[in-house]
Amino acid sequence: MRYPASEKLEIIRLVEQSHLPATRTLDKLGIPRRTFYRWYDRYLGGGPEALEDRPSAPSRVWNRIPIDIHDQIIEMALEQSELSPRELAVRFTDEKRYFVSEASVYRLLKAHDLITSPAYVVIKAADAFHTKTSRPNQMWQTDFTYFKLIGWGWMYLSTVLDDYSRYIIAWKLCSTMRALDVTDTLDMALAASGCDQVNVHHKPRLLSDNGPSYIAGELADYIQAQNMSHIRGAPCHPQTQGKIERWHQTLKNRVLLENYFLPGDLEAQIEAFIEHYNHQRYHESLDNVTPADAYFDRAQTIIKQRERIKRQTIEHRRLQHRNLAA
């Protein structure tokens, strides 16, 4: 049980004024002798003020982030307000060569009232595809999603996403969802990835749902001609294509913040966001590297460099603490 300083002082005075021995008085009060004499030593050395509870945390923490680093984090957060605490921590470590954790950034932004709740609901898929990929261009996911143009009608986005890296290899904004639109997108993906070259022995597998364009005979003939294979998810189970479904949600959370009246306007916004998504946006499932880093085999180099920065930062903080304590 914790006693406030006023009660500790009252107990000390009762023991001092009691006609009974201190041991018996303390037994009647239910105060352990060791606890009482610790209070009494503090009282004799520092007076009533010394009876206040001492904070359990140390006065100096060796791993505390310096004030100038705090200021730089806040400055970056204000300049790049679209970044989450996780993305901000990774961006700061990469650009400033000084490690900060996501938890530290979150606490700092929270203290400065810079944390806002997202304006959308995050939906998490229940399952993933049963066969995990181990390299780029091993399996591609493809699907359509739709956008409404005011005064124009519906447009449909066909996308090819690399399953291993989440990299958007190719995309096409279409007015229909025919098999021809799918094959056009696949032609772009094969050219962009280099998989249309004659020396490629293992073509990517294609994973899709059971939409009309994906079960069409034209697509089956195309896939056979390209020496590819086609896998379709279970009906009414979009979680099988969870990565491209999650990509659609991420895209729409950003692109649908504005209204569009012409296909060209929508296409420009999609193109800009895909560039950001592929090359700038840190993906949590990829250990906070970008899809391009994972697709072009730069991920391990970046992760090892961050580990070196983390070790150097911690050693620097430890040295600073030792210098202050000396």
# chains A, B, ... in the order shown; residues from 1 in each chain; ligands from 1
call {"tool": "select_by_dssp", "arguments": {"residues": "segment 12-90 of chain A", "states": "alpha helix (DSSP H)", "output": "PyMOL selection string"}}
result
chain A and resi 12-17+22-29+33-46+67-79+85-90
call {"tool": "residues_around", "arguments": {"residues": "segment 263-280 of chain A", "least_positions_apart": "6", "cutoff": "6 Å", "atoms": "only C-alpha atoms", "output": "PyMOL selection string"}}
result
chain A and resi 167+290-292
call {"tool": "residues_around", "arguments": {"residues": "segment 243-253 of chain A", "least_positions_apart": "2", "cutoff": "7 Å", "atoms": "only C-alpha atoms", "output": "list of chain:residue names"}}
result
A:Gln141, A:Thr142, A:Thr145, A:Leu161, A:Gln241, A:Val255, A:Leu256, A:Leu257
call {"tool": "select_by_dssp", "arguments": {"residues": "segment 49-171 of chain A", "states": "strand (DSSP E)", "output": "JSON, numbers by chain"}}
result
{"A": [139, 140, 141, 142, 143, 144, 145, 146, 147, 148, 149, 153, 154, 155, 156, 157, 158, 159, 160, 161, 162, 168, 169, 170, 171]}
call {"tool": "write_last_selection", "arguments": {"atoms": "N, CA and C atoms", "output": "PDB file, in the first residue's frame"}}
result
ATOM      1  N   MET A 139       4.172 -15.521 -60.001  1.00  0.00           N
ATOM      2  CA  MET A 139       2.719 -15.530 -60.163  1.00  0.00           C
ATOM      3  C   MET A 139       2.233 -14.088 -60.212  1.00  0.00           C
ATOM      4  N   TRP A 140       1.294 -13.831 -61.098  1.00  0.00           N
ATOM      5  CA  TRP A 140       0.675 -12.523 -61.218  1.00  0.00           C
ATOM      6  C   TRP A 140      -0.793 -12.627 -60.821  1.00  0.00           C
ATOM      7  N   GLN A 141      -1.279 -11.608 -60.141  1.00  0.00           N
ATOM      8  CA  GLN A 141      -2.708 -11.503 -59.851  1.00  0.00           C
ATOM      9  C   GLN A 141      -3.303 -10.431 -60.765  1.00  0.00           C
ATOM     10  N   THR A 142      -4.508 -10.671 -61.246  1.00  0.00           N
ATOM     11  CA  THR A 142      -5.162  -9.704 -62.117  1.00  0.00           C
ATOM     12  C   THR A 142      -6.644  -9.619 -61.769  1.00  0.00           C
ATOM     13  N   ASP A 143      -7.191  -8.424 -61.959  1.00  0.00           N
ATOM     14  CA  ASP A 143      -8.610  -8.211 -61.664  1.00  0.00           C
ATOM     15  C   ASP A 143      -9.028  -6.856 -62.229  1.00  0.00           C
ATOM     16  N   PHE A 144     -10.341  -6.642 -62.269  1.00  0.00           N
ATOM     17  CA  PHE A 144     -10.919  -5.361 -62.648  1.00  0.00           C
ATOM     18  C   PHE A 144     -11.467  -4.669 -61.405  1.00  0.00           C
ATOM     19  N   THR A 145     -11.439  -3.353 -61.426  1.00  0.00           N
ATOM     20  CA  THR A 145     -12.226  -2.565 -60.493  1.00  0.00           C
ATOM     21  C   THR A 145     -12.841  -1.419 -61.288  1.00  0.00           C
ATOM     22  N   TYR A 146     -13.804  -0.718 -60.705  1.00  0.00           N
ATOM     23  CA  TYR A 146     -14.587   0.238 -61.489  1.00  0.00           C
ATOM     24  C   TYR A 146     -14.570   1.620 -60.845  1.00  0.00           C
ATOM     25  N   PHE A 147     -14.778   2.656 -61.688  1.00  0.00           N
ATOM     26  CA  PHE A 147     -14.828   4.050 -61.262  1.00  0.00           C
ATOM     27  C   PHE A 147     -15.981   4.738 -61.991  1.00  0.00           C
ATOM     28  N   LYS A 148     -16.641   5.646 -61.312  1.00  0.00           N
ATOM     29  CA  LYS A 148     -17.772   6.389 -61.899  1.00  0.00           C
ATOM     30  C   LYS A 148     -17.303   7.779 -62.317  1.00  0.00           C
ATOM     31  N   LEU A 149     -17.461   8.106 -63.594  1.00  0.00           N
ATOM     32  CA  LEU A 149     -17.176   9.442 -64.096  1.00  0.00           C
ATOM     33  C   LEU A 149     -18.475  10.228 -64.158  1.00  0.00           C
ATOM     34  N   GLY A 153     -20.102   8.048 -67.213  1.00  0.00           N
ATOM     35  CA  GLY A 153     -20.451   6.644 -67.041  1.00  0.00           C
ATOM     36  C   GLY A 153     -19.361   5.904 -66.290  1.00  0.00           C
ATOM     37  N   TRP A 154     -19.334   4.592 -66.446  1.00  0.00           N
ATOM     38  CA  TRP A 154     -18.397   3.751 -65.711  1.00  0.00           C
ATOM     39  C   TRP A 154     -17.158   3.458 -66.542  1.00  0.00           C
ATOM     40  N   MET A 155     -16.006   3.459 -65.854  1.00  0.00           N
ATOM     41  CA  MET A 155     -14.745   3.031 -66.448  1.00  0.00           C
ATOM     42  C   MET A 155     -14.187   1.894 -65.586  1.00  0.00           C
ATOM     43  N   TYR A 156     -13.415   1.015 -66.212  1.00  0.00           N
ATOM     44  CA  TYR A 156     -12.943  -0.193 -65.535  1.00  0.00           C
ATOM     45  C   TYR A 156     -11.415  -0.263 -65.630  1.00  0.00           C
ATOM     46  N   LEU A 157     -10.785  -0.504 -64.501  1.00  0.00           N
ATOM     47  CA  LEU A 157      -9.330  -0.578 -64.436  1.00  0.00           C
ATOM     48  C   LEU A 157      -8.885  -2.036 -64.381  1.00  0.00           C
ATOM     49  N   SER A 158      -8.120  -2.449 -65.388  1.00  0.00           N
ATOM     50  CA  SER A 158      -7.529  -3.788 -65.422  1.00  0.00           C
ATOM     51  C   SER A 158      -6.084  -3.677 -64.951  1.00  0.00           C
ATOM     52  N   THR A 159      -5.692  -4.496 -63.959  1.00  0.00           N
ATOM     53  CA  THR A 159      -4.366  -4.400 -63.351  1.00  0.00           C
ATOM     54  C   THR A 159      -3.707  -5.772 -63.311  1.00  0.00           C
ATOM     55  N   VAL A 160      -2.402  -5.793 -63.523  1.00  0.00           N
ATOM     56  CA  VAL A 160      -1.582  -6.986 -63.299  1.00  0.00           C
ATOM     57  C   VAL A 160      -0.603  -6.662 -62.181  1.00  0.00           C
ATOM     58  N   LEU A 161      -0.698  -7.408 -61.085  1.00  0.00           N
ATOM     59  CA  LEU A 161       0.116  -7.184 -59.890  1.00  0.00           C
ATOM     60  C   LEU A 161       0.994  -8.406 -59.638  1.00  0.00           C
ATOM     61  N   ASP A 162       2.270  -8.166 -59.367  1.00  0.00           N
ATOM     62  CA  ASP A 162       3.176  -9.270 -59.049  1.00  0.00           C
ATOM     63  C   ASP A 162       2.901  -9.754 -57.635  1.00  0.00           C
ATOM     64  N   ILE A 168       2.980  -3.146 -59.227  1.00  0.00           N
ATOM     65  CA  ILE A 168       2.015  -3.018 -60.324  1.00  0.00           C
ATOM     66  C   ILE A 168       2.796  -3.031 -61.628  1.00  0.00           C
ATOM     67  N   ILE A 169       2.715  -4.149 -62.345  1.00  0.00           N
ATOM     68  CA  ILE A 169       3.505  -4.317 -63.563  1.00  0.00           C
ATOM     69  C   ILE A 169       2.849  -3.597 -64.735  1.00  0.00           C
ATOM     70  N   ALA A 170       1.528  -3.712 -64.855  1.00  0.00           N
ATOM     71  CA  ALA A 170       0.825  -3.098 -65.978  1.00  0.00           C
ATOM     72  C   ALA A 170      -0.609  -2.806 -65.569  1.00  0.00           C
ATOM     73  N   TRP A 171      -1.199  -1.815 -66.224  1.00  0.00           N
ATOM     74  CA  TRP A 171      -2.591  -1.471 -65.955  1.00  0.00           C
ATOM     75  C   TRP A 171      -3.167  -0.789 -67.191  1.00  0.00           C
TER      76      TRP A 171
END
call {"tool": "residues_around", "arguments": {"residues": "Gln305 of chain A", "least_positions_apart": "5", "cutoff": "9 Å", "atoms": "only C-alpha atoms", "output": "PyMOL selection string"}}
result
chain A and resi 94+300+310
call {"tool": "residues_around", "arguments": {"residues": "segment 12-27 of chain A", "least_positions_apart": "2", "cutoff": "12 Å", "atoms": "only C-alpha atoms", "output": "MDAnalysis selection string"}}
result
chainID A and resid 5:10 29:44 47:48 51
call {"tool": "write_last_selection", "arguments": {"atoms": "C-alpha atoms", "output": "compact mmCIF listing (two decimals), in the first residue's frame"}}
result
# COMPACT_ATOMS: atom_id res chain seq x y z
CA ALA A 5 3.75 12.12 2.36
CA SER A 6 1.29 13.63 4.85
CA GLU A 7 0.35 10.19 6.25
CA LYS A 8 3.99 9.14 6.43
CA LEU A 9 4.74 12.26 8.48
CA GLU A 10 1.76 11.54 10.75
CA LEU A 29 -0.22 0.45 12.99
CA GLY A 30 0.55 -2.41 10.63
CA ILE A 31 3.70 -0.75 9.28
CA PRO A 32 6.78 -2.94 8.60
CA ARG A 33 9.81 -1.81 10.56
CA ARG A 34 12.04 -1.73 7.49
CA THR A 35 9.56 0.55 5.68
CA PHE A 36 9.24 2.87 8.66
CA TYR A 37 12.99 3.31 9.15
CA ARG A 38 13.45 3.97 5.43
CA TRP A 39 10.91 6.79 5.78
CA TYR A 40 12.54 7.98 8.95
CA ASP A 41 16.00 8.17 7.39
CA ARG A 42 14.64 10.19 4.51
CA TYR A 43 12.77 12.45 6.93
CA LEU A 44 15.88 13.12 9.00
CA GLY A 47 12.59 16.93 6.05
CA PRO A 48 8.91 16.37 5.18
CA LEU A 51 8.79 11.73 2.13
call {"tool": "closest_residue", "arguments": {"among": "A:Leu186, A:Ile215, A:Ser165, A:Leu319", "to": "Ala299 of chain A", "atoms": "only C-alpha atoms"}}
result
A:Ser165
call {"tool": "residues_around", "arguments": {"residues": "Gly211 of chain A", "least_positions_apart": "3", "cutoff": "12 Å", "atoms": "only C-alpha atoms", "output": "number ranges by chain"}}
result
A: 142-145, 177-179, 182, 207-208, 214-216, 219, 232-236, 238
call {"tool": "write_last_selection", "arguments": {"atoms": "N, CA and C atoms", "output": "short mmCIF file (atom, residue, chain, number, x, y, z; two decimals), in the first residue's frame"}}
result
data_model
loop_
_atom_site.label_atom_id
_atom_site.label_comp_id
_atom_site.auth_asym_id
_atom_site.auth_seq_id
_atom_site.Cartn_x
_atom_site.Cartn_y
_atom_site.Cartn_z
N THR A 142 -4.51 -10.67 -61.25
CA THR A 142 -5.16 -9.70 -62.12
C THR A 142 -6.64 -9.62 -61.77
N ASP A 143 -7.19 -8.42 -61.96
CA ASP A 143 -8.61 -8.21 -61.66
C ASP A 143 -9.03 -6.86 -62.23
N PHE A 144 -10.34 -6.64 -62.27
CA PHE A 144 -10.92 -5.36 -62.65
C PHE A 144 -11.47 -4.67 -61.40
N THR A 145 -11.44 -3.35 -61.43
CA THR A 145 -12.23 -2.57 -60.49
C THR A 145 -12.84 -1.42 -61.29
N MET A 177 -15.17 -4.69 -69.85
CA MET A 177 -14.42 -5.71 -69.13
C MET A 177 -14.40 -6.99 -69.95
N ARG A 178 -13.88 -6.90 -71.18
CA ARG A 178 -13.85 -8.05 -72.06
C ARG A 178 -12.51 -8.78 -71.94
N ALA A 179 -12.48 -9.99 -72.50
CA ALA A 179 -11.23 -10.75 -72.50
C ALA A 179 -10.14 -10.01 -73.26
N VAL A 182 -8.25 -7.84 -70.99
CA VAL A 182 -7.33 -8.60 -70.15
C VAL A 182 -6.07 -8.94 -70.93
N LEU A 207 -3.28 -15.63 -61.67
CA LEU A 207 -4.33 -15.88 -60.68
C LEU A 207 -5.43 -14.84 -60.84
N SER A 208 -6.67 -15.30 -60.99
CA SER A 208 -7.80 -14.39 -61.17
C SER A 208 -9.03 -14.97 -60.51
N TYR A 214 -12.49 -13.73 -67.53
CA TYR A 214 -11.40 -14.63 -67.15
C TYR A 214 -11.71 -16.10 -67.45
N ILE A 215 -12.96 -16.39 -67.75
CA ILE A 215 -13.30 -17.76 -68.13
C ILE A 215 -13.58 -17.87 -69.63
N ALA A 216 -13.34 -16.76 -70.33
CA ALA A 216 -13.63 -16.73 -71.77
C ALA A 216 -12.62 -17.59 -72.54
N LEU A 219 -9.33 -15.80 -73.73
CA LEU A 219 -8.23 -15.71 -72.76
C LEU A 219 -7.51 -17.05 -72.63
N ARG A 232 -7.68 -20.04 -61.06
CA ARG A 232 -8.83 -19.22 -60.65
C ARG A 232 -9.20 -19.55 -59.22
N GLY A 233 -9.54 -18.51 -58.46
CA GLY A 233 -9.92 -18.70 -57.07
C GLY A 233 -11.29 -19.32 -56.95
N ALA A 234 -11.59 -19.77 -55.73
CA ALA A 234 -12.90 -20.36 -55.48
C ALA A 234 -14.00 -19.31 -55.66
N PRO A 235 -15.15 -19.68 -56.23
CA PRO A 235 -16.25 -18.72 -56.38
C PRO A 235 -16.68 -18.14 -55.03
N CYS A 236 -17.03 -16.86 -55.06
CA CYS A 236 -17.52 -16.15 -53.86
C CYS A 236 -16.48 -16.13 -52.75
N PRO A 238 -13.25 -13.86 -52.54
CA PRO A 238 -12.26 -12.91 -53.07
C PRO A 238 -10.97 -12.87 -52.27
#
call {"tool": "decode", "arguments": {"residues": "segment 141-278 of chain A", "atoms": "C-alpha atoms", "output": "short mmCIF file (atom, residue, chain, number, x, y, z; two decimals), in the first residue's frame"}}
result
data_model
loop_
_atom_site.label_atom_id
_atom_site.label_comp_id
_atom_site.auth_asym_id
_atom_site.auth_seq_id
_atom_site.Cartn_x
_atom_site.Cartn_y
_atom_site.Cartn_z
CA GLN A 141 -2.71 -11.50 -59.85
CA THR A 142 -5.16 -9.70 -62.12
CA ASP A 143 -8.61 -8.21 -61.66
CA PHE A 144 -10.92 -5.36 -62.65
CA THR A 145 -12.23 -2.57 -60.49
CA TYR A 146 -14.59 0.24 -61.49
CA PHE A 147 -14.83 4.05 -61.26
CA LYS A 148 -17.77 6.39 -61.90
CA LEU A 149 -17.18 9.44 -64.10
CA ILE A 150 -19.71 12.19 -63.48
CA GLY A 151 -21.80 12.80 -66.58
CA TRP A 152 -19.89 10.12 -68.47
CA GLY A 153 -20.45 6.64 -67.04
CA TRP A 154 -18.40 3.75 -65.71
CA MET A 155 -14.74 3.03 -66.45
CA TYR A 156 -12.94 -0.19 -65.53
CA LEU A 157 -9.33 -0.58 -64.44
CA SER A 158 -7.53 -3.79 -65.42
CA THR A 159 -4.37 -4.40 -63.35
CA VAL A 160 -1.58 -6.99 -63.30
CA LEU A 161 0.12 -7.18 -59.89
CA ASP A 162 3.18 -9.27 -59.05
CA ASP A 163 2.23 -11.60 -56.19
CA TYR A 164 5.69 -11.67 -54.59
CA SER A 165 6.46 -7.94 -54.53
CA ARG A 166 2.98 -6.32 -54.89
CA TYR A 167 4.52 -4.34 -57.76
CA ILE A 168 2.01 -3.02 -60.32
CA ILE A 169 3.51 -4.32 -63.56
CA ALA A 170 0.83 -3.10 -65.98
CA TRP A 171 -2.59 -1.47 -65.96
CA LYS A 172 -5.17 -0.22 -68.44
CA LEU A 173 -8.25 1.96 -68.02
CA CYS A 174 -11.00 0.40 -70.12
CA SER A 175 -14.58 1.16 -71.11
CA THR A 176 -15.48 -2.57 -70.99
CA MET A 177 -14.42 -5.71 -69.13
CA ARG A 178 -13.85 -8.05 -72.06
CA ALA A 179 -11.23 -10.75 -72.50
CA LEU A 180 -9.53 -8.46 -75.04
CA ASP A 181 -8.94 -5.90 -72.28
CA VAL A 182 -7.33 -8.60 -70.15
CA THR A 183 -5.04 -9.77 -72.95
CA ASP A 184 -4.03 -6.19 -73.73
CA THR A 185 -3.03 -5.70 -70.09
CA LEU A 186 -1.13 -8.98 -70.10
CA ASP A 187 0.72 -7.95 -73.28
CA MET A 188 1.84 -4.79 -71.48
CA ALA A 189 2.89 -6.82 -68.41
CA LEU A 190 4.88 -9.34 -70.45
CA ALA A 191 6.70 -6.54 -72.26
CA ALA A 192 7.38 -4.50 -69.10
CA SER A 193 8.71 -7.51 -67.18
CA GLY A 194 10.75 -8.93 -70.04
CA CYS A 195 8.80 -12.19 -69.87
CA ASP A 196 7.96 -11.92 -73.56
CA GLN A 197 11.56 -12.72 -74.47
CA VAL A 198 12.27 -16.09 -76.07
CA ASN A 199 14.87 -17.04 -73.45
CA VAL A 200 12.31 -17.02 -70.60
CA HIS A 201 11.61 -20.64 -69.72
CA HIS A 202 9.18 -20.22 -66.81
CA LYS A 203 6.34 -17.82 -67.58
CA PRO A 204 4.29 -16.40 -64.69
CA ARG A 205 1.18 -18.17 -63.51
CA LEU A 206 -1.95 -16.04 -63.65
CA LEU A 207 -4.33 -15.88 -60.68
CA SER A 208 -7.80 -14.39 -61.17
CA ASP A 209 -11.39 -14.73 -60.09
CA ASN A 210 -14.17 -16.32 -62.14
CA GLY A 211 -15.42 -13.21 -63.92
CA PRO A 212 -16.75 -13.60 -67.48
CA SER A 213 -13.60 -12.14 -69.04
CA TYR A 214 -11.40 -14.63 -67.15
CA ILE A 215 -13.30 -17.76 -68.13
CA ALA A 216 -13.63 -16.73 -71.77
CA GLY A 217 -12.21 -18.96 -74.49
CA GLU A 218 -10.23 -16.07 -75.99
CA LEU A 219 -8.23 -15.71 -72.76
CA ALA A 220 -7.64 -19.46 -72.54
CA ASP A 221 -6.26 -19.48 -76.09
CA TYR A 222 -4.04 -16.48 -75.33
CA ILE A 223 -2.60 -18.07 -72.17
CA GLN A 224 -1.87 -21.31 -74.01
CA ALA A 225 -0.14 -19.40 -76.82
CA GLN A 226 2.00 -17.55 -74.28
CA ASN A 227 2.99 -20.79 -72.54
CA MET A 228 1.46 -19.54 -69.27
CA SER A 229 -0.83 -21.26 -66.78
CA HIS A 230 -4.05 -19.92 -65.27
CA ILE A 231 -5.38 -20.43 -61.72
CA ARG A 232 -8.83 -19.22 -60.65
CA GLY A 233 -9.92 -18.70 -57.07
CA ALA A 234 -12.90 -20.36 -55.48
CA PRO A 235 -16.25 -18.72 -56.38
CA CYS A 236 -17.52 -16.15 -53.86
CA HIS A 237 -14.14 -16.12 -52.11
CA PRO A 238 -12.26 -12.91 -53.07
CA GLN A 239 -9.73 -13.44 -50.26
CA THR A 240 -7.83 -15.79 -52.58
CA GLN A 241 -6.91 -12.70 -54.62
CA GLY A 242 -6.39 -10.72 -51.42
CA LYS A 243 -3.34 -8.78 -52.58
CA ILE A 244 -4.97 -7.24 -55.63
CA GLU A 245 -8.22 -6.69 -53.70
CA ARG A 246 -6.19 -4.80 -51.08
CA TRP A 247 -4.51 -2.83 -53.86
CA HIS A 248 -7.91 -1.75 -55.16
CA GLN A 249 -8.87 -0.53 -51.69
CA THR A 250 -5.60 1.39 -51.30
CA LEU A 251 -6.02 2.97 -54.74
CA LYS A 252 -9.61 4.03 -54.19
CA ASN A 253 -8.91 5.47 -50.75
CA ARG A 254 -6.66 7.99 -52.49
CA VAL A 255 -8.10 8.44 -55.99
CA LEU A 256 -11.76 8.72 -54.96
CA LEU A 257 -11.05 11.76 -52.79
CA GLU A 258 -11.81 13.78 -55.94
CA ASN A 259 -14.55 13.79 -58.58
CA TYR A 260 -13.72 13.14 -62.23
CA PHE A 261 -15.53 14.24 -65.38
CA LEU A 262 -13.22 12.94 -68.13
CA PRO A 263 -11.38 9.63 -68.55
CA GLY A 264 -8.10 11.49 -69.05
CA ASP A 265 -8.36 13.15 -65.63
CA LEU A 266 -8.97 9.82 -63.93
CA GLU A 267 -6.19 8.13 -65.89
CA ALA A 268 -3.69 10.83 -64.87
CA GLN A 269 -4.55 10.42 -61.19
CA ILE A 270 -4.28 6.63 -61.39
CA GLU A 271 -0.91 6.89 -63.13
CA ALA A 272 0.42 9.31 -60.50
CA PHE A 273 -0.70 7.11 -57.63
CA ILE A 274 0.73 3.93 -59.19
CA GLU A 275 4.07 5.70 -59.52
CA HIS A 276 3.87 6.66 -55.85
CA TYR A 277 2.71 3.19 -54.81
CA ASN A 278 5.43 1.34 -56.71
#
